[in-house]
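To be precise, the following lines are upload_3.txt, and they hold compact mmCIF, C-alpha atoms.
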# COMPACT_ATOMS: atom_id res chain seq x y z
CA MET A 1 69.24 75.28 -44.73
CA ARG A 2 65.61 76.14 -45.67
CA ARG A 3 65.11 72.60 -47.01
CA ILE A 4 66.19 70.94 -43.75
CA PHE A 5 63.94 73.04 -41.44
CA PRO A 6 60.57 71.64 -42.62
CA MET A 7 61.78 68.13 -41.77
CA VAL A 8 63.09 69.03 -38.29
CA VAL A 9 59.79 70.46 -37.01
CA PRO A 10 57.74 67.24 -37.44
CA MET A 11 60.44 65.14 -35.78
CA VAL A 12 60.50 67.44 -32.72
CA LEU A 13 56.74 67.21 -32.39
CA LEU A 14 56.85 63.39 -32.63
CA LEU A 15 59.50 63.14 -29.88
CA ALA A 16 57.45 65.40 -27.64
CA ALA A 17 54.38 63.21 -28.02
CA CYS A 18 56.30 60.04 -27.16
CA THR A 19 57.83 61.46 -24.00
CA ALA A 20 54.64 63.16 -22.67
CA PRO A 21 52.99 61.38 -19.63
CA LEU A 22 49.78 59.41 -20.33
CA GLN A 23 46.64 61.27 -19.27
CA GLN A 24 44.84 59.50 -16.38
CA PRO A 25 41.06 59.28 -16.51
CA THR A 26 39.18 61.56 -14.19
CA ALA A 27 37.76 59.71 -11.17
CA GLY A 28 34.08 58.92 -11.45
CA THR A 29 33.84 59.53 -15.19
CA SER A 30 35.07 56.29 -16.66
CA THR A 31 33.16 53.03 -17.05
CA PRO A 32 35.14 49.89 -16.17
CA ALA A 33 35.36 47.36 -18.96
CA LYS A 34 33.23 44.28 -18.56
CA SER A 35 35.12 41.09 -18.00
CA SER A 36 34.61 38.41 -20.61
CA ALA A 37 35.81 35.65 -18.28
CA SER A 38 33.25 32.98 -17.32
CA PRO A 39 32.24 32.78 -13.63
CA ALA A 40 33.98 30.14 -11.58
CA VAL A 41 32.29 26.73 -11.82
CA GLN A 42 31.00 25.55 -8.45
CA PRO A 43 31.56 21.88 -7.52
CA SER A 44 28.44 19.77 -7.98
CA GLU A 45 26.58 18.68 -4.85
CA PRO A 46 26.33 15.00 -3.98
CA PRO A 47 23.02 13.28 -4.79
CA SER A 48 20.32 13.83 -2.20
CA SER A 49 19.64 11.04 0.24
CA GLY A 50 16.46 12.65 1.54
CA PRO A 51 12.86 11.54 1.06
CA GLY A 52 12.88 12.55 -2.59
CA SER A 53 15.80 10.32 -3.53
CA GLN A 54 15.42 7.06 -5.38
CA GLY A 55 17.24 4.95 -2.83
CA THR A 56 15.41 1.90 -1.54
CA GLY A 57 16.53 2.23 2.07
CA ASP A 58 15.30 -0.30 4.60
CA ALA A 59 11.58 -0.14 3.76
CA GLU A 60 9.53 -3.27 4.32
CA PRO A 61 8.68 -5.13 1.10
CA SER A 62 5.10 -4.49 0.04
CA ALA A 63 4.28 -8.18 -0.32
CA GLY A 64 5.81 -9.51 2.87
CA ASP A 65 8.87 -11.70 2.42
CA ASP A 66 7.31 -13.39 -0.59
CA GLU A 67 10.43 -14.10 -2.66
CA PRO A 68 9.48 -14.74 -6.33
CA GLY A 69 9.52 -18.44 -7.18
CA ARG A 70 9.39 -19.65 -3.58
CA PHE A 71 5.63 -20.15 -3.78
CA ALA A 72 3.41 -20.82 -6.79
CA TYR A 73 -0.02 -19.23 -7.22
CA ARG A 74 -2.57 -20.84 -9.53
CA CYS A 75 -5.49 -18.46 -9.94
CA GLY A 76 -8.87 -19.11 -11.52
CA SER A 77 -11.21 -16.48 -12.94
CA LEU A 78 -14.85 -15.52 -12.69
CA ASP A 79 -15.30 -15.23 -16.46
CA ALA A 80 -14.15 -18.71 -17.55
CA SER A 81 -10.72 -17.44 -18.61
CA PRO A 82 -7.86 -19.96 -18.39
CA GLU A 83 -6.08 -20.33 -15.05
CA VAL A 84 -2.86 -18.34 -14.66
CA GLN A 85 0.28 -19.45 -12.81
CA LEU A 86 2.14 -16.71 -10.98
CA SER A 87 5.24 -16.72 -8.79
CA SER A 88 4.63 -14.07 -6.09
CA LEU A 89 1.96 -12.07 -4.34
CA ALA A 90 3.18 -8.96 -6.15
CA GLU A 91 2.52 -10.67 -9.49
CA VAL A 92 -0.96 -11.69 -8.37
CA TRP A 93 -1.84 -8.15 -7.30
CA ALA A 94 -0.45 -6.65 -10.52
CA ALA A 95 -2.25 -9.10 -12.83
CA THR A 96 -4.41 -7.34 -15.42
CA ASN A 97 -7.32 -9.69 -14.62
CA TYR A 98 -7.00 -9.35 -10.82
CA THR A 99 -10.54 -8.03 -10.32
CA ARG A 100 -11.87 -10.96 -12.36
CA MET A 101 -10.02 -13.59 -10.30
CA ALA A 102 -12.17 -15.94 -8.25
CA SER A 103 -9.47 -17.27 -5.92
CA CYS A 104 -5.94 -18.70 -5.94
CA GLU A 105 -4.40 -21.96 -4.78
CA VAL A 106 -0.94 -21.65 -3.25
CA SER A 107 1.81 -24.28 -3.15
CA TYR A 108 5.34 -24.27 -1.78
CA GLU A 109 8.08 -24.62 -4.40
CA GLY A 110 11.14 -23.73 -2.35
CA ALA A 111 13.92 -25.79 -0.80
CA GLU A 112 13.04 -28.58 1.59
CA PRO A 113 12.55 -28.65 4.48
CA PHE A 114 10.43 -25.51 4.70
CA GLU A 115 12.19 -22.82 6.70
CA PRO A 116 9.97 -19.79 7.35
CA THR A 117 11.40 -16.30 6.96
CA PRO A 118 11.18 -14.02 10.03
CA ARG A 119 7.93 -12.45 8.83
CA GLU A 120 6.46 -15.84 7.91
CA ALA A 121 7.37 -17.08 11.38
CA GLU A 122 5.46 -14.13 12.86
CA ALA A 123 2.40 -14.98 10.77
CA ILE A 124 2.54 -18.65 11.79
CA ALA A 125 2.91 -17.68 15.45
CA THR A 126 -0.15 -15.40 15.21
CA VAL A 127 -2.29 -18.25 13.88
CA GLU A 128 -1.00 -20.82 16.36
CA ALA A 129 -1.58 -18.44 19.30
CA GLN A 130 -5.32 -18.40 18.54
CA SER A 131 -5.57 -21.93 17.11
CA PRO A 132 -3.34 -24.21 19.24
CA GLY A 133 -4.14 -27.20 17.02
CA ALA A 134 -2.50 -25.60 13.97
CA THR A 135 0.92 -27.24 14.12
CA ASP A 136 1.72 -27.70 10.41
CA ASP A 137 3.73 -24.57 9.64
CA ILE A 138 3.65 -24.89 5.86
CA ALA A 139 -0.11 -25.52 5.79
CA VAL A 140 -0.69 -22.49 8.02
CA MET A 141 1.49 -20.27 5.82
CA LEU A 142 -0.16 -21.45 2.61
CA ASP A 143 -3.56 -20.52 4.03
CA VAL A 144 -2.33 -17.07 5.07
CA LEU A 145 -0.91 -16.47 1.58
CA ARG A 146 -4.17 -17.67 0.00
CA LEU A 147 -6.11 -15.06 2.01
CA CYS A 148 -3.64 -12.43 0.76
CA THR A 149 -4.28 -13.21 -2.92
CA ARG A 150 -7.89 -12.68 -4.00
CA VAL A 151 -11.16 -13.85 -2.42
CA SER A 152 -14.11 -12.93 -4.61
CA GLU A 153 -16.83 -14.51 -2.45
CA GLU A 154 -16.23 -13.35 1.11
CA THR A 155 -18.92 -15.57 2.63
CA GLY A 156 -18.58 -18.51 0.25
CA GLN A 157 -16.50 -21.67 0.49
CA GLY A 158 -12.95 -20.77 1.41
CA GLY A 159 -13.96 -17.13 1.94
CA PHE A 160 -13.09 -14.77 4.77
CA GLU A 161 -16.15 -15.87 6.77
CA GLU A 162 -14.79 -19.44 7.01
CA ALA A 163 -11.25 -18.39 7.94
CA SER A 164 -10.17 -18.45 11.57
CA ARG A 165 -9.66 -15.15 13.39
CA GLY A 166 -5.97 -16.03 13.77
CA ALA A 167 -5.49 -16.64 10.03
CA LEU A 168 -7.25 -13.37 9.20
CA ARG A 169 -5.16 -11.43 11.71
CA ALA A 170 -1.96 -13.00 10.36
CA ALA A 171 -2.93 -12.19 6.77
CA ALA A 172 -3.83 -8.61 7.67
CA ASP A 173 -0.39 -8.14 9.26
CA PHE A 174 1.52 -9.99 6.52
CA CYS A 175 0.00 -8.25 3.48
CA PRO A 176 -1.50 -4.87 4.52
CA ASP A 177 -0.79 -3.53 1.00
CA ALA A 178 -2.90 -6.19 -0.71
CA PRO A 179 -5.81 -4.89 -2.79
CA GLN A 180 -8.12 -6.51 -0.21
CA GLY A 181 -5.92 -5.60 2.75
CA LYS A 182 -8.49 -3.35 4.47
CA ILE A 183 -11.24 -5.92 3.95
CA ILE A 184 -9.08 -8.68 5.48
CA ALA A 185 -8.36 -6.44 8.49
CA ALA A 186 -12.07 -5.67 8.94
CA TRP A 187 -12.94 -9.39 9.04
CA ALA A 188 -10.07 -9.98 11.44
CA GLU A 189 -11.21 -7.33 13.92
CA GLY A 190 -14.92 -8.21 13.73
CA SER A 191 -16.10 -5.01 12.07
CA ARG A 192 -17.16 -6.94 8.94
CA PHE A 193 -19.15 -10.19 9.10
CA GLY A 194 -21.79 -12.29 7.37
CA ASP A 195 -25.15 -13.79 8.25
CA GLY A 196 -25.58 -16.00 11.29
CA SER A 197 -25.65 -15.48 15.07
CA HIS A 198 -22.92 -13.32 16.59
CA GLU A 199 -22.11 -12.40 20.16
CA VAL A 200 -21.45 -8.66 20.37
CA GLY A 201 -18.10 -8.03 22.00
CA ASP A 202 -16.92 -11.56 21.19
CA THR A 203 -17.08 -12.38 17.48
CA ILE A 204 -18.23 -8.92 16.38
CA ASN A 205 -17.59 -5.42 17.70
CA ALA A 206 -20.07 -3.19 19.49
CA GLY A 207 -21.21 -0.02 17.72
CA GLY A 208 -23.40 0.93 14.81
CA ILE A 209 -23.61 -1.48 11.86
CA GLN A 210 -25.41 -1.61 8.52
CA LEU A 211 -25.72 -3.95 5.53
CA ILE A 212 -22.82 -3.04 3.23
CA LYS A 213 -23.09 -5.83 0.64
CA SER A 214 -26.42 -7.44 -0.16
CA GLY A 215 -26.62 -11.20 -0.71
CA PRO A 216 -28.39 -12.91 -3.64
CA ALA A 217 -31.57 -13.39 -1.58
CA ALA A 218 -31.47 -10.01 0.17
CA SER A 219 -35.14 -9.38 -0.61
CA GLU A 220 -35.87 -12.00 2.08
CA CYS A 221 -33.40 -10.49 4.56
CA SER A 222 -34.37 -10.60 8.24
CA TRP A 223 -32.37 -9.67 11.33
CA SER A 224 -32.83 -9.26 15.07
CA VAL A 225 -31.02 -8.04 18.16
CA THR A 226 -31.58 -9.73 21.52
CA GLY A 227 -30.36 -8.75 24.95
CA SER A 228 -28.26 -10.86 27.31
CA ASP A 229 -31.52 -12.07 28.92
CA GLY A 230 -32.89 -13.25 25.56
CA SER A 231 -35.42 -10.41 25.21
CA GLU A 232 -35.83 -8.89 21.76
CA VAL A 233 -34.33 -5.43 21.40
CA ALA A 234 -34.88 -4.79 17.68
CA ARG A 235 -35.72 -6.53 14.44
CA GLY A 236 -36.20 -5.64 10.79
CA GLY A 237 -35.71 -6.46 7.14
CA LEU A 238 -33.80 -5.13 4.13
CA ASN A 239 -35.10 -1.56 4.41
CA GLU A 240 -34.00 -1.17 8.04
CA ALA A 241 -30.69 -2.92 7.29
CA ALA A 242 -29.53 0.11 5.30
CA LYS A 243 -29.78 2.27 8.44
CA SER A 244 -27.58 2.24 11.52
CA ILE A 245 -28.34 -0.64 13.90
CA PRO A 246 -26.76 -0.01 17.34
CA LEU A 247 -25.16 -3.00 19.06
CA GLU A 248 -23.98 -3.22 22.64
CA ALA A 249 -21.61 -5.68 24.28
CA GLY A 250 -23.44 -8.74 25.58
CA GLN A 251 -26.19 -8.59 22.98
CA LYS A 252 -26.66 -11.14 20.19
CA PHE A 253 -27.12 -10.13 16.57
CA THR A 254 -28.71 -12.62 14.16
CA SER A 255 -29.39 -12.23 10.45
CA ASP A 256 -30.53 -14.48 7.62
CA LYS A 257 -30.28 -14.04 3.82
CA CYS A 258 -29.04 -10.46 4.18
CA GLY A 259 -25.40 -10.47 3.09
CA ILE A 260 -22.35 -8.81 4.61
CA TRP A 261 -22.61 -6.41 7.52
CA GLY A 262 -20.10 -3.73 8.42
CA LYS A 263 -19.28 -1.04 10.92
CA MET A 264 -20.77 2.41 10.39
CA TYR A 265 -18.12 5.12 9.85
Now that the file is in, can you turn its structure into C-alpha cells?
Amino acid sequence: MRRIFPMVVPMVLLLAACTAPLQQPTAGTSTPAKSSASPAVQPSEPPSSGPGSQGTGDAEPSAGDDEPGRFAYRCGSLDASPEVQLSSLAEVWAATNYTRMASCEVSYEGAEPFEPTPREAEAIATVEAQSPGATDDIAVMLDVLRLCTRVSEETGQGGFEEASRGALRAAADFCPDAPQGKIIAAWAEGSRFGDGSHEVGDTINAGGIQLIKSGPAASECSWSVTGSDGSEVARGGLNEAAKSIPLEAGQKFTSDKCGIWGKMY
C-alpha cells in the first residue's frame, strides 16, 4: 500500500491541472501581438492624362503640315561646306549647321497635282489676299516655306526685305516655331525694316525705333525724318541711330547705308 501512494499523488495533481480553467489576462495589462500579415495591396491608378502625361493630344505640329518627304530642301552654307538635302522644315531647323546656313531652295516632291493641306491653303490665301496677282499655288507655297527655313542676309537678294508683306505674314503664321520665327513676324508687321524710304503707318509702324543691326558701310550711315508737308523733323548718323528715334504716322523715314532698323522695346 505504501508503494502505491507515491504514484497516486502526482496523477491527482496532473488531472487537477488539466481540468482547471485557463487564466484570462487582466484588462489593460497585455500587449496585443503584432500581425505579420502584409497590408492589402491597393489597385494601381490608371496613367495620368493630365498636362504631365506623354500623350500627344491634338497639338498643332511645330513645323506646320510639312510632312517629311513631301518637299525637298537644298541648303547652302556660309562657310563653303557642301550643300545638304533635307526632307522637312523640322530637319532644317534641327541641322547641326543651321546657324551656318546661307539659305535653302525648296521644291515639291509630292503627288501630282499639288493639293495643299488645310494649313497650306491658309498660307496661300494670306498671300493672295495681299497680292492678287499670285495665282500659282505651288509657287506661293514654296516661297513661304523658303522664308521659314533660314535667311542669313535679311536685306540681301531673296531676303526678308524683298519678300512681300503677304508672304511674310503667311510664313509667320505657318512656322511661328522656326528659329527665325520672331524675326519673320517683325518684318511682316513693319517693326523691323532696312534702309530706304518708308511711310510711317503704311510700310513701317509708328513708335520709337533704333538701329539694331549695322550694315557693312554703317560708318557712312545717314537718316532723316520728314513731316507730311516735307519739312525736316530730324536727321543724324550712326551715333544717333543707336538712340530712340520717334516716328509718327504720316511722317517719312529715310536711311542710307545704316543697316536694319527695329522697334524699341
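Note that the spacing between atom CA of Gly259 of chain A and atom CA of Val140 of chain A amounts to 27.9 Å.
The closest residue to Leu147 of chain A, picked from A:Ser255, A:Ser103, A:Thr117, A:Asn97 and counting all atoms listed in the file, is A:Ser103.
Interatomic distance, atom CA of Leu78 of chain A against atom CA of Pro179 of chain A: 17.1 Å.
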Pro216 of chain A surroundings by only C-alpha atoms, 10 Å radius, close-in-sequence under 4 positions cut, as an NGL selection string: :A and (220-221 or 257-259)
Spatial neighbours of segment 166-174 of chain A, 9 Å, only C-alpha atoms, chain gap at least 5 places, as a PyMOL selection string: chain A and resi 63-65+119-120+122-131+140-141+143-148+160+181-189
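The interatomic distance for the pair atom CA of Glu153 of chain A and atom CA of Ala102 of chain A works out to 7.6 Å.
Comparing the minimum interatomic distances between Gly196 of chain A and each of A:Thr254, A:Arg150, A:Asp177, A:Ala95, counting all atoms listed in the file, we find that A:Thr254 sits nearest.
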Given only C-alpha atoms as the counted atoms, nearest of A:Gly208, A:Gly262, A:Gly215, A:Gly190 to Ser244 of chain A: A:Gly208
Contacts of Gly230 of chain A at 12 Å (all atoms listed in the file; same-chain gap of 6+ positions) as a ChimeraX atom specification: /A:224,250-253
Residues from last step as file, C-alpha atoms, as an mmCIF file, in the coordinates of the input:
data_model
loop_
_atom_site.group_PDB
_atom_site.id
_atom_site.type_symbol
_atom_site.label_atom_id
_atom_site.label_comp_id
_atom_site.auth_asym_id
_atom_site.auth_seq_id
_atom_site.Cartn_x
_atom_site.Cartn_y
_atom_site.Cartn_z
ATOM 1 C CA SER A 224 -32.830 -9.260 15.070
ATOM 2 C CA GLY A 250 -23.440 -8.740 25.580
ATOM 3 C CA GLN A 251 -26.190 -8.590 22.980
ATOM 4 C CA LYS A 252 -26.660 -11.140 20.190
ATOM 5 C CA PHE A 253 -27.120 -10.130 16.570
#
Counting only C-alpha atoms, the option among A:Ser152, A:Thr99, A:Ser81, A:Ser107 closest to Gly69 of chain A: A:Ser107
Test item: residues at most 9 Å from Val92 of chain A, all atoms listed in the file, excluding those fewer than 3 positions along its chain, as a ChimeraX atom specification: /A:73,75,86-89,95-96,98,104,149-150
Nearest residue to Gly201 of chain A from the set A:Glu248, A:Glu154, A:Glu232, A:Glu109 (distances using all atoms listed in the file): A:Glu248
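Using all atoms listed in the file, the smallest distance between any of A:Ile212, A:Ala163, A:Ala111, A:Ala121 and Ala242 of chain A comes from A:Ile212.
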